[in-house]
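Structure file my_file-v3.pdb (PDB, C-alpha atoms, pLDDT in the B column) is printed below.
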```
ATOM      1  CA  MET A 195     158.423 175.532 140.703  1.00 84.00           C
ATOM      2  CA  ILE A 196     156.364 174.625 137.660  1.00 93.00           C
ATOM      3  CA  PRO A 197     158.542 173.136 134.905  1.00 97.00           C
ATOM      4  CA  ARG A 198     158.595 175.142 131.674  1.00 98.00           C
ATOM      5  CA  ILE A 199     158.562 173.385 128.323  1.00 98.00           C
ATOM      6  CA  LYS A 200     161.271 174.259 125.814  1.00 98.00           C
ATOM      7  CA  THR A 201     160.164 172.075 122.873  1.00 98.00           C
ATOM      8  CA  LEU A 202     157.100 170.002 122.081  1.00 98.00           C
ATOM      9  CA  ARG A 203     156.469 167.507 119.284  1.00 98.00           C
ATOM     10  CA  ALA A 204     153.541 165.199 118.551  1.00 98.00           C
ATOM     11  CA  MET A 205     154.634 161.700 117.595  1.00 98.00           C
ATOM     12  CA  ASP A 206     152.842 158.631 116.248  1.00 97.00           C
ATOM     13  CA  ASN A 207     150.672 156.505 118.532  1.00 97.00           C
ATOM     14  CA  PHE A 208     149.572 159.478 120.694  1.00 98.00           C
ATOM     15  CA  LEU A 209     152.990 160.192 122.166  1.00 98.00           C
ATOM     16  CA  LEU A 210     154.445 163.613 122.952  1.00 98.00           C
ATOM     17  CA  ALA A 211     158.174 164.328 122.885  1.00 98.00           C
ATOM     18  CA  VAL A 212     158.844 167.103 125.382  1.00 98.00           C
ATOM     19  CA  GLU A 213     162.020 168.893 126.388  1.00 98.00           C
ATOM     20  CA  PHE A 214     161.983 171.109 129.468  1.00 98.00           C
ATOM     21  CA  GLU A 215     164.078 174.198 130.136  1.00 98.00           C
ATOM     22  CA  ASP A 216     166.137 172.279 132.712  1.00 97.00           C
ATOM     23  CA  GLY A 217     167.233 169.847 129.967  1.00 97.00           C
ATOM     24  CA  ARG A 218     164.988 166.927 130.968  1.00 98.00           C
ATOM     25  CA  LYS A 219     163.571 165.121 127.908  1.00 98.00           C
ATOM     26  CA  VAL A 220     160.558 162.839 128.210  1.00 98.00           C
ATOM     27  CA  ILE A 221     158.095 160.904 126.111  1.00 98.00           C
ATOM     28  CA  TYR A 222     154.554 161.288 127.443  1.00 98.00           C
ATOM     29  CA  ASP A 223     151.941 158.709 126.443  1.00 98.00           C
ATOM     30  CA  VAL A 224     148.550 160.410 126.032  1.00 98.00           C
ATOM     31  CA  LYS A 225     146.705 157.101 125.393  1.00 97.00           C
ATOM     32  CA  GLU A 226     145.933 156.569 129.096  1.00 94.00           C
ATOM     33  CA  ASP A 227     144.394 160.048 129.302  1.00 97.00           C
ATOM     34  CA  ILE A 228     142.370 159.315 126.161  1.00 98.00           C
ATOM     35  CA  ASP A 229     141.088 156.082 127.708  1.00 96.00           C
ATOM     36  CA  THR A 230     140.187 157.574 131.106  1.00 97.00           C
ATOM     37  CA  LEU A 231     139.187 161.212 130.480  1.00 97.00           C
ATOM     38  CA  PRO A 232     136.061 161.735 128.345  1.00 97.00           C
ATOM     39  CA  THR A 233     137.204 165.090 126.943  1.00 97.00           C
ATOM     40  CA  PHE A 234     140.461 163.554 125.679  1.00 98.00           C
ATOM     41  CA  ARG A 235     138.619 161.007 123.500  1.00 97.00           C
ATOM     42  CA  ALA A 236     138.318 163.612 120.743  1.00 98.00           C
ATOM     43  CA  LEU A 237     142.087 163.270 120.236  1.00 98.00           C
ATOM     44  CA  LYS A 238     141.427 159.783 118.883  1.00 96.00           C
ATOM     45  CA  GLU A 239     138.038 160.466 117.275  1.00 97.00           C
ATOM     46  CA  VAL A 240     138.760 163.725 115.409  1.00 97.00           C
ATOM     47  CA  TYR A 241     141.171 163.108 112.545  1.00 97.00           C
ATOM     48  CA  GLY A 242     144.377 165.163 112.862  1.00 97.00           C
ATOM     49  CA  LEU A 243     143.492 166.829 116.173  1.00 98.00           C
ATOM     50  CA  PHE A 244     146.315 165.189 118.142  1.00 98.00           C
ATOM     51  CA  ASN A 245     148.932 166.621 115.770  1.00 98.00           C
ATOM     52  CA  GLN A 246     147.602 170.140 116.404  1.00 98.00           C
ATOM     53  CA  VAL A 247     149.034 170.220 119.929  1.00 98.00           C
ATOM     54  CA  GLN A 248     150.227 173.669 121.000  1.00 98.00           C
ATOM     55  CA  LEU A 249     152.172 175.193 123.858  1.00 98.00           C
ATOM     56  CA  ASP A 250     150.589 178.023 125.848  1.00 97.00           C
ATOM     57  CA  SER A 251     152.379 181.354 126.238  1.00 97.00           C
ATOM     58  CA  SER A 252     153.560 180.551 129.787  1.00 97.00           C
ATOM     59  CA  ARG A 253     155.136 177.295 128.501  1.00 98.00           C
ATOM     60  CA  THR A 254     153.535 175.399 131.415  1.00 98.00           C
ATOM     61  CA  CYS A 255     150.633 173.787 129.562  1.00 98.00           C
ATOM     62  CA  VAL A 256     150.024 172.013 126.273  1.00 98.00           C
ATOM     63  CA  TYR A 257     146.594 172.125 124.690  1.00 98.00           C
ATOM     64  CA  TRP A 258     144.610 171.014 121.685  1.00 98.00           C
ATOM     65  CA  ASN A 259     141.461 173.111 122.066  1.00 97.00           C
ATOM     66  CA  ASP A 260     139.447 174.908 124.752  1.00 95.00           C
ATOM     67  CA  GLU A 261     138.534 171.618 126.435  1.00 96.00           C
ATOM     68  CA  ILE A 262     141.690 169.516 126.190  1.00 98.00           C
ATOM     69  CA  ASP A 263     144.887 170.540 127.959  1.00 98.00           C
ATOM     70  CA  LEU A 264     147.686 168.985 129.943  1.00 98.00           C
ATOM     71  CA  ALA A 265     149.824 170.662 132.609  1.00 98.00           C
ATOM     72  CA  SER A 266     153.594 170.586 132.252  1.00 98.00           C
ATOM     73  CA  ASP A 267     154.080 169.239 135.780  1.00 97.00           C
ATOM     74  CA  SER A 268     152.053 166.118 134.889  1.00 97.00           C
ATOM     75  CA  ILE A 269     154.147 165.599 131.764  1.00 98.00           C
ATOM     76  CA  TYR A 270     157.337 166.130 133.779  1.00 98.00           C
ATOM     77  CA  GLU A 271     156.319 163.683 136.505  1.00 97.00           C
ATOM     78  CA  TYR A 272     154.725 160.920 134.426  1.00 97.00           C
ATOM     79  CA  GLY A 273     156.718 161.136 131.198  1.00 98.00           C
ATOM     80  CA  VAL A 274     159.339 158.489 130.492  1.00 98.00           C
ATOM     81  CA  VAL A 275     162.847 159.911 130.317  1.00 97.00           C
ATOM     82  CA  ALA A 276     164.034 159.802 126.713  1.00 92.00           C
TER      83      ALA A 276
END
```
Would you give me this structure, written as structure tokens?
Amino acid sequence: MIPRIKTLRAMDNFLLAVEFEDGRKVIYDVKEDIDTLPTFRALKEVYGLFNQVQLDSSRTCVYWNDEIDLASDSIYEYGVVA
């Protein structure tokens, strides 16, 4: 089952604070994605873009624009439990 996100908050230093519907809370570090995925570089290069993170209507994906998104299962698996 794909984990659904309950709350999402952008933090300093390209971190996301995420709480899932099952109660799990994690901090996900987007810096590695920025360093390895060319489309994610805009999060560092475009002033204020990172803070515009949004949750899709299914609550299974976060996104910044049409090219930059992140699946909830990746956040769930690789986020550090808060």
| Quick one: of A:Ile262, A:Met195, A:Ile269, A:Val224, who's nearest to Leu209 of chain A, counting only C-alpha atoms? |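 Between A:Ile262, A:Met195, A:Ile269, A:Val224, the residue approaching Leu209 of chain A most closely is A:Val224.
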| task | Find the distance between atom CA of Ser268 of chain A and atom CA of Val256 of chain A and write it in Å to one decimal. | result |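 Taking atom CA of Ser268 of chain A and atom CA of Val256 of chain A, their separation equals 10.6 Å.
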| task | Decode the PyMOL selection byres ((chain A and resi 216-219) around 12) for the given file into explicit residues and return them as a list in words. | result |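 With the shown file as input, the PyMOL selection byres ((chain A and resi 216-219) around 12) matches Met195, Ile196, Pro197, Arg198, Ile199, Lys200, Thr201, Leu202, Arg203, Leu210, Ala211, Val212, Glu213, Phe214, Glu215, Val220, Ile221, Tyr222, Ile269, Tyr270, Glu271, Tyr272, Gly273, Val274, Val275 and Ala276 of chain A.
On the file presented, the PyMOL selection byres ((chain A and resi 242-248) around 7) picks out Ala204, Leu237, Val240, Tyr241, Leu249, Asp250, Val256, Tyr257 and Trp258 of chain A.
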| query | Which value, in Å to one decimal, gives the distance between atom CA of Pro232 of chain A and atom CA of Asp263 of chain A? | reply |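 Separation between atom CA of Pro232 of chain A and atom CA of Asp263 of chain A: 12.5 Å.
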| query | Written as a list in words, which residues does the PyMOL selection byres ((chain A and resi 255) around 6) give for the file shown? | reply |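 Evaluating the PyMOL selection byres ((chain A and resi 255) around 6) on these coordinates yields Asp250, Arg253, Thr254, Val256, Leu264, Ala265 and Ser266 of chain A.
The coordinates place atom CA of Asp206 of chain A at 16.6 Å from atom CA of Asp229 of chain A.
The residue that comes closest to Glu261 of chain A, out of A:Thr233, A:Ile228, A:Met205, A:Asp223 and on the basis of all atoms listed in the file, is A:Thr233.
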Segment 219-251 of chain A written out with N, CA, C and O atoms as an mmCIF file, in the first residue's frame:
```cif
data_model
loop_
_atom_site.group_PDB
_atom_site.id
_atom_site.type_symbol
_atom_site.label_atom_id
_atom_site.label_comp_id
_atom_site.auth_asym_id
_atom_site.auth_seq_id
_atom_site.Cartn_x
_atom_site.Cartn_y
_atom_site.Cartn_z
ATOM 1 N N LYS A 219 6.500 9.884 11.403
ATOM 2 C CA LYS A 219 7.005 11.228 11.112
ATOM 3 C C LYS A 219 8.462 11.105 10.700
ATOM 4 O O LYS A 219 9.246 10.445 11.394
ATOM 5 N N VAL A 220 8.797 11.723 9.567
ATOM 6 C CA VAL A 220 10.174 11.656 9.077
ATOM 7 C C VAL A 220 10.651 13.028 8.629
ATOM 8 O O VAL A 220 9.863 13.927 8.347
ATOM 9 N N ILE A 221 11.974 13.139 8.572
ATOM 10 C CA ILE A 221 12.634 14.285 7.958
ATOM 11 C C ILE A 221 13.320 13.735 6.709
ATOM 12 O O ILE A 221 14.122 12.789 6.800
ATOM 13 N N TYR A 222 12.980 14.285 5.564
ATOM 14 C CA TYR A 222 13.561 13.833 4.298
ATOM 15 C C TYR A 222 14.504 14.911 3.781
ATOM 16 O O TYR A 222 14.114 16.070 3.633
ATOM 17 N N ASP A 223 15.738 14.521 3.505
ATOM 18 C CA ASP A 223 16.767 15.431 3.018
ATOM 19 C C ASP A 223 16.759 15.422 1.488
ATOM 20 O O ASP A 223 17.092 14.413 0.869
ATOM 21 N N VAL A 224 16.373 16.538 0.892
ATOM 22 C CA VAL A 224 16.260 16.633 -0.568
ATOM 23 C C VAL A 224 17.612 16.969 -1.208
ATOM 24 O O VAL A 224 17.763 16.860 -2.417
ATOM 25 N N LYS A 225 18.628 17.302 -0.421
ATOM 26 C CA LYS A 225 19.929 17.700 -0.977
ATOM 27 C C LYS A 225 20.540 16.626 -1.869
ATOM 28 O O LYS A 225 21.115 16.935 -2.907
ATOM 29 N N GLU A 226 20.433 15.356 -1.497
ATOM 30 C CA GLU A 226 20.995 14.288 -2.325
ATOM 31 C C GLU A 226 20.300 14.233 -3.687
ATOM 32 O O GLU A 226 20.948 14.048 -4.719
ATOM 33 N N ASP A 227 18.997 14.414 -3.700
ATOM 34 C CA ASP A 227 18.254 14.445 -4.966
ATOM 35 C C ASP A 227 18.699 15.643 -5.803
ATOM 36 O O ASP A 227 18.853 15.535 -7.026
ATOM 37 N N ILE A 228 18.904 16.774 -5.161
ATOM 38 C CA ILE A 228 19.352 17.980 -5.863
ATOM 39 C C ILE A 228 20.722 17.741 -6.497
ATOM 40 O O ILE A 228 20.975 18.155 -7.627
ATOM 41 N N ASP A 229 21.589 17.045 -5.774
ATOM 42 C CA ASP A 229 22.944 16.790 -6.271
ATOM 43 C C ASP A 229 23.000 15.728 -7.360
ATOM 44 O O ASP A 229 23.929 15.731 -8.173
ATOM 45 N N THR A 230 22.047 14.813 -7.402
ATOM 46 C CA THR A 230 22.125 13.700 -8.361
ATOM 47 C C THR A 230 21.123 13.763 -9.507
ATOM 48 O O THR A 230 21.353 13.137 -10.537
ATOM 49 N N LEU A 231 20.022 14.476 -9.337
ATOM 50 C CA LEU A 231 18.987 14.537 -10.380
ATOM 51 C C LEU A 231 18.956 15.928 -11.008
ATOM 52 O O LEU A 231 18.643 16.904 -10.325
ATOM 53 N N PRO A 232 19.280 16.030 -12.289
ATOM 54 C CA PRO A 232 19.355 17.353 -12.937
ATOM 55 C C PRO A 232 18.101 18.207 -12.778
ATOM 56 O O PRO A 232 18.210 19.412 -12.564
ATOM 57 N N THR A 233 16.925 17.621 -12.841
ATOM 58 C CA THR A 233 15.707 18.435 -12.730
ATOM 59 C C THR A 233 15.548 19.044 -11.341
ATOM 60 O O THR A 233 14.942 20.098 -11.204
ATOM 61 N N PHE A 234 16.087 18.398 -10.318
ATOM 62 C CA PHE A 234 15.962 18.892 -8.949
ATOM 63 C C PHE A 234 16.866 20.092 -8.666
ATOM 64 O O PHE A 234 16.671 20.787 -7.679
ATOM 65 N N ARG A 235 17.846 20.346 -9.515
ATOM 66 C CA ARG A 235 18.785 21.452 -9.274
ATOM 67 C C ARG A 235 18.082 22.802 -9.189
ATOM 68 O O ARG A 235 18.547 23.713 -8.509
ATOM 69 N N ALA A 236 16.959 22.939 -9.869
ATOM 70 C CA ALA A 236 16.207 24.196 -9.826
ATOM 71 C C ALA A 236 15.780 24.539 -8.400
ATOM 72 O O ALA A 236 15.611 25.712 -8.066
ATOM 73 N N LEU A 237 15.624 23.533 -7.539
ATOM 74 C CA LEU A 237 15.235 23.793 -6.157
ATOM 75 C C LEU A 237 16.284 24.629 -5.439
ATOM 76 O O LEU A 237 15.973 25.390 -4.526
ATOM 77 N N LYS A 238 17.528 24.505 -5.850
ATOM 78 C CA LYS A 238 18.617 25.272 -5.263
ATOM 79 C C LYS A 238 18.854 26.564 -6.052
ATOM 80 O O LYS A 238 19.213 27.585 -5.494
ATOM 81 N N GLU A 239 18.630 26.512 -7.360
ATOM 82 C CA GLU A 239 18.966 27.638 -8.233
ATOM 83 C C GLU A 239 17.873 28.704 -8.318
ATOM 84 O O GLU A 239 18.167 29.870 -8.555
ATOM 85 N N VAL A 240 16.625 28.326 -8.157
ATOM 86 C CA VAL A 240 15.509 29.271 -8.274
ATOM 87 C C VAL A 240 15.088 29.693 -6.862
ATOM 88 O O VAL A 240 14.570 28.879 -6.085
ATOM 89 N N TYR A 241 15.315 30.961 -6.567
ATOM 90 C CA TYR A 241 15.049 31.482 -5.225
ATOM 91 C C TYR A 241 13.592 31.227 -4.818
ATOM 92 O O TYR A 241 12.656 31.563 -5.541
ATOM 93 N N GLY A 242 13.406 30.612 -3.643
ATOM 94 C CA GLY A 242 12.080 30.406 -3.073
ATOM 95 C C GLY A 242 11.320 29.197 -3.581
ATOM 96 O O GLY A 242 10.271 28.865 -3.029
ATOM 97 N N LEU A 243 11.817 28.525 -4.616
ATOM 98 C CA LEU A 243 11.085 27.397 -5.187
ATOM 99 C C LEU A 243 10.913 26.262 -4.179
ATOM 100 O O LEU A 243 9.828 25.686 -4.069
ATOM 101 N N PHE A 244 11.951 25.943 -3.431
ATOM 102 C CA PHE A 244 11.853 24.817 -2.488
ATOM 103 C C PHE A 244 10.701 25.007 -1.511
ATOM 104 O O PHE A 244 9.970 24.059 -1.201
ATOM 105 N N ASN A 245 10.505 26.217 -1.042
ATOM 106 C CA ASN A 245 9.441 26.495 -0.061
ATOM 107 C C ASN A 245 8.037 26.429 -0.651
ATOM 108 O O ASN A 245 7.060 26.483 0.090
ATOM 109 N N GLN A 246 7.929 26.280 -1.955
ATOM 110 C CA GLN A 246 6.629 26.187 -2.621
ATOM 111 C C GLN A 246 6.154 24.746 -2.774
ATOM 112 O O GLN A 246 5.244 24.466 -3.546
ATOM 113 N N VAL A 247 6.747 23.831 -2.043
ATOM 114 C CA VAL A 247 6.373 22.422 -2.126
ATOM 115 C C VAL A 247 4.883 22.254 -1.841
ATOM 116 O O VAL A 247 4.320 22.943 -0.998
ATOM 117 N N GLN A 248 4.256 21.357 -2.593
ATOM 118 C CA GLN A 248 2.826 21.091 -2.456
ATOM 119 C C GLN A 248 2.575 19.589 -2.405
ATOM 120 O O GLN A 248 3.400 18.797 -2.846
ATOM 121 N N LEU A 249 1.423 19.235 -1.919
ATOM 122 C CA LEU A 249 0.987 17.849 -1.838
ATOM 123 C C LEU A 249 -0.089 17.618 -2.888
ATOM 124 O O LEU A 249 -1.027 18.417 -2.999
ATOM 125 N N ASP A 250 0.034 16.539 -3.675
ATOM 126 C CA ASP A 250 -0.980 16.286 -4.695
ATOM 127 C C ASP A 250 -2.289 15.814 -4.055
ATOM 128 O O ASP A 250 -2.329 15.508 -2.865
ATOM 129 N N SER A 251 -3.339 15.779 -4.831
ATOM 130 C CA SER A 251 -4.672 15.473 -4.289
ATOM 131 C C SER A 251 -4.789 14.052 -3.744
ATOM 132 O O SER A 251 -5.603 13.789 -2.861
#
```
